[in-house]
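What follows is a short report on a single structure.
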Amino acid sequence: MSLRSRFSIAVTAGALAASALAVPAAAADDWDGAASTSHQSQNPSQSQGQGQNHNQQLYRGVVTAGSLALRSAPNRGGQIIRWAERGEVVSIFCKTNGQNVQGNRQWYLLTDGTWAWGSARYIRVLGTSPRWC
């Protein structure tokens, strides 16, 4: 196994470990997210300071490519985990710099049932820009 592959696996494992610590806290808020959305719209000051952790579960994006490969690492060499289709709304956990894709180095770690990386070149963020990983 190459050093590059081992590094990609280590980065993904670290992201998964970090997310495992955050998931129980997010799950305790609301099961369907409806109350979080209405709470956010009623209290815009939550987007500053302390509310930052609350907003992590609200990052969303829409796929702009016809079909987007979601990968195990933030590069085109990562194993394909699944495919996302144009118009699909995805949940974004965080962003990082990875392999340059048509002038864009940012990649998003997506949390839609599986943890996979998608190039920001093909995902338009809805609302607030995701935090850095």
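FYI, nothing fancy with the structure tokens labels: chains A, B, ... in order, residues from 1 per chain, ligands from 1 as they appear.
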
Set the distance at 10 Å and use only C-alpha atoms: which residues neighbour Thr111 (chain A) once local chain neighbours fewer than 2 positions away are removed? I'd like the list as an MDAnalysis selection string.
chainID A and resid 19 57 90:94 108:109 113:117

Prev. selection, all heavy atoms, output as an mmCIF file, in the first residue's frame:
```cif
data_model
loop_
_atom_site.group_PDB
_atom_site.id
_atom_site.type_symbol
_atom_site.label_atom_id
_atom_site.label_comp_id
_atom_site.auth_asym_id
_atom_site.auth_seq_id
_atom_site.Cartn_x
_atom_site.Cartn_y
_atom_site.Cartn_z
ATOM 1 N N SER A 19 -15.942 13.037 13.984
ATOM 2 C CA SER A 19 -17.389 13.142 13.809
ATOM 3 C C SER A 19 -18.145 12.249 14.792
ATOM 4 O O SER A 19 -19.241 12.577 15.205
ATOM 5 C CB SER A 19 -17.771 12.793 12.381
ATOM 6 O OG SER A 19 -17.497 11.435 12.130
ATOM 7 N N GLN A 57 -24.784 21.196 11.870
ATOM 8 C CA GLN A 57 -25.722 20.268 11.268
ATOM 9 C C GLN A 57 -26.575 20.921 10.187
ATOM 10 O O GLN A 57 -27.303 20.244 9.498
ATOM 11 C CB GLN A 57 -26.624 19.665 12.334
ATOM 12 C CG GLN A 57 -27.497 20.680 13.029
ATOM 13 C CD GLN A 57 -28.236 20.070 14.190
ATOM 14 O OE1 GLN A 57 -28.025 18.917 14.515
ATOM 15 N NE2 GLN A 57 -29.089 20.830 14.826
ATOM 16 N N VAL A 90 -27.155 17.740 -0.385
ATOM 17 C CA VAL A 90 -26.265 16.942 0.463
ATOM 18 C C VAL A 90 -25.975 17.686 1.763
ATOM 19 O O VAL A 90 -26.023 18.914 1.816
ATOM 20 C CB VAL A 90 -24.945 16.614 -0.270
ATOM 21 C CG1 VAL A 90 -25.192 15.667 -1.432
ATOM 22 C CG2 VAL A 90 -24.243 17.876 -0.744
ATOM 23 N N SER A 91 -25.680 16.938 2.815
ATOM 24 C CA SER A 91 -25.300 17.499 4.110
ATOM 25 C C SER A 91 -23.784 17.593 4.159
ATOM 26 O O SER A 91 -23.095 16.609 3.888
ATOM 27 C CB SER A 91 -25.784 16.604 5.249
ATOM 28 O OG SER A 91 -27.180 16.526 5.237
ATOM 29 N N ILE A 92 -23.277 18.759 4.534
ATOM 30 C CA ILE A 92 -21.833 18.997 4.568
ATOM 31 C C ILE A 92 -21.391 19.128 6.020
ATOM 32 O O ILE A 92 -21.928 19.938 6.763
ATOM 33 C CB ILE A 92 -21.466 20.270 3.788
ATOM 34 C CG1 ILE A 92 -21.960 20.176 2.341
ATOM 35 C CG2 ILE A 92 -19.964 20.527 3.855
ATOM 36 C CD1 ILE A 92 -21.861 21.479 1.560
ATOM 37 N N PHE A 93 -20.393 18.337 6.405
ATOM 38 C CA PHE A 93 -19.845 18.397 7.761
ATOM 39 C C PHE A 93 -18.770 19.478 7.860
ATOM 40 O O PHE A 93 -18.772 20.279 8.786
ATOM 41 C CB PHE A 93 -19.274 17.040 8.161
ATOM 42 C CG PHE A 93 -18.740 17.010 9.558
ATOM 43 C CD1 PHE A 93 -19.607 17.021 10.636
ATOM 44 C CD2 PHE A 93 -17.386 16.980 9.804
ATOM 45 C CE1 PHE A 93 -19.125 17.007 11.939
ATOM 46 C CE2 PHE A 93 -16.891 16.953 11.093
ATOM 47 C CZ PHE A 93 -17.757 16.971 12.168
ATOM 48 N N CYS A 94 -17.825 19.507 6.907
ATOM 49 C CA CYS A 94 -16.748 20.494 6.918
ATOM 50 C C CYS A 94 -16.081 20.531 5.553
ATOM 51 O O CYS A 94 -16.416 19.748 4.675
ATOM 52 C CB CYS A 94 -15.720 20.159 8.001
ATOM 53 S SG CYS A 94 -14.893 18.562 7.788
ATOM 54 N N TYR A 108 -15.577 18.949 0.222
ATOM 55 C CA TYR A 108 -16.498 18.888 1.352
ATOM 56 C C TYR A 108 -16.617 17.448 1.847
ATOM 57 O O TYR A 108 -16.746 16.520 1.040
ATOM 58 C CB TYR A 108 -17.887 19.388 0.955
ATOM 59 C CG TYR A 108 -17.926 20.830 0.508
ATOM 60 C CD1 TYR A 108 -18.579 21.197 -0.654
ATOM 61 C CD2 TYR A 108 -17.295 21.827 1.248
ATOM 62 C CE1 TYR A 108 -18.620 22.521 -1.059
ATOM 63 C CE2 TYR A 108 -17.331 23.147 0.840
ATOM 64 C CZ TYR A 108 -17.990 23.496 -0.318
ATOM 65 O OH TYR A 108 -18.021 24.797 -0.717
ATOM 66 N N LEU A 109 -16.618 17.281 3.173
ATOM 67 C CA LEU A 109 -16.882 15.982 3.778
ATOM 68 C C LEU A 109 -18.389 15.898 3.972
ATOM 69 O O LEU A 109 -18.978 16.684 4.717
ATOM 70 C CB LEU A 109 -16.148 15.831 5.115
ATOM 71 C CG LEU A 109 -16.339 14.508 5.847
ATOM 72 C CD1 LEU A 109 -15.930 13.317 4.975
ATOM 73 C CD2 LEU A 109 -15.546 14.508 7.150
ATOM 74 N N GLY A 113 -25.554 9.526 5.290
ATOM 75 C CA GLY A 113 -25.600 8.083 5.479
ATOM 76 C C GLY A 113 -24.236 7.435 5.406
ATOM 77 O O GLY A 113 -23.963 6.459 6.066
ATOM 78 N N THR A 114 -23.373 7.968 4.568
ATOM 79 C CA THR A 114 -21.982 7.536 4.489
ATOM 80 C C THR A 114 -21.119 8.783 4.597
ATOM 81 O O THR A 114 -21.578 9.887 4.345
ATOM 82 C CB THR A 114 -21.675 6.835 3.143
ATOM 83 O OG1 THR A 114 -21.942 7.764 2.088
ATOM 84 C CG2 THR A 114 -22.504 5.589 2.958
ATOM 85 N N TRP A 115 -19.887 8.604 4.983
ATOM 86 C CA TRP A 115 -18.946 9.727 5.033
ATOM 87 C C TRP A 115 -18.114 9.670 3.773
ATOM 88 O O TRP A 115 -17.412 8.689 3.526
ATOM 89 C CB TRP A 115 -18.071 9.616 6.276
ATOM 90 C CG TRP A 115 -18.852 9.879 7.511
ATOM 91 C CD1 TRP A 115 -19.636 8.996 8.175
ATOM 92 C CD2 TRP A 115 -18.959 11.114 8.211
ATOM 93 N NE1 TRP A 115 -20.228 9.600 9.262
ATOM 94 C CE2 TRP A 115 -19.825 10.909 9.299
ATOM 95 C CE3 TRP A 115 -18.406 12.377 8.035
ATOM 96 C CZ2 TRP A 115 -20.151 11.904 10.206
ATOM 97 C CZ3 TRP A 115 -18.729 13.367 8.931
ATOM 98 C CH2 TRP A 115 -19.593 13.135 9.996
ATOM 99 N N ALA A 116 -18.219 10.695 2.942
ATOM 100 C CA ALA A 116 -17.506 10.710 1.669
ATOM 101 C C ALA A 116 -17.155 12.146 1.308
ATOM 102 O O ALA A 116 -17.811 13.099 1.749
ATOM 103 C CB ALA A 116 -18.362 10.084 0.583
ATOM 104 N N TRP A 117 -16.106 12.294 0.521
ATOM 105 C CA TRP A 117 -15.637 13.606 0.080
ATOM 106 C C TRP A 117 -16.180 13.917 -1.302
ATOM 107 O O TRP A 117 -16.165 13.061 -2.185
ATOM 108 C CB TRP A 117 -14.113 13.636 0.029
ATOM 109 C CG TRP A 117 -13.464 13.502 1.360
ATOM 110 C CD1 TRP A 117 -13.022 12.353 1.947
ATOM 111 C CD2 TRP A 117 -13.183 14.561 2.276
ATOM 112 N NE1 TRP A 117 -12.489 12.640 3.181
ATOM 113 C CE2 TRP A 117 -12.556 13.983 3.411
ATOM 114 C CE3 TRP A 117 -13.388 15.938 2.261
ATOM 115 C CZ2 TRP A 117 -12.153 14.737 4.501
ATOM 116 C CZ3 TRP A 117 -12.977 16.688 3.342
ATOM 117 C CH2 TRP A 117 -12.370 16.094 4.447
#
```

Name the residues in contact with region 74-86 of chain A at a cut-off of 7 Å, using only C-alpha atoms, excluding same-chain residues fewer than 5 positions from it; report them as number ranges by chain.
A: 63-69, 98-99, 107, 116-117

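The gap separating CA of Leu126 (chain A) from CA of Val62 (chain A) is 7.1 Å, in Å to one decimal.
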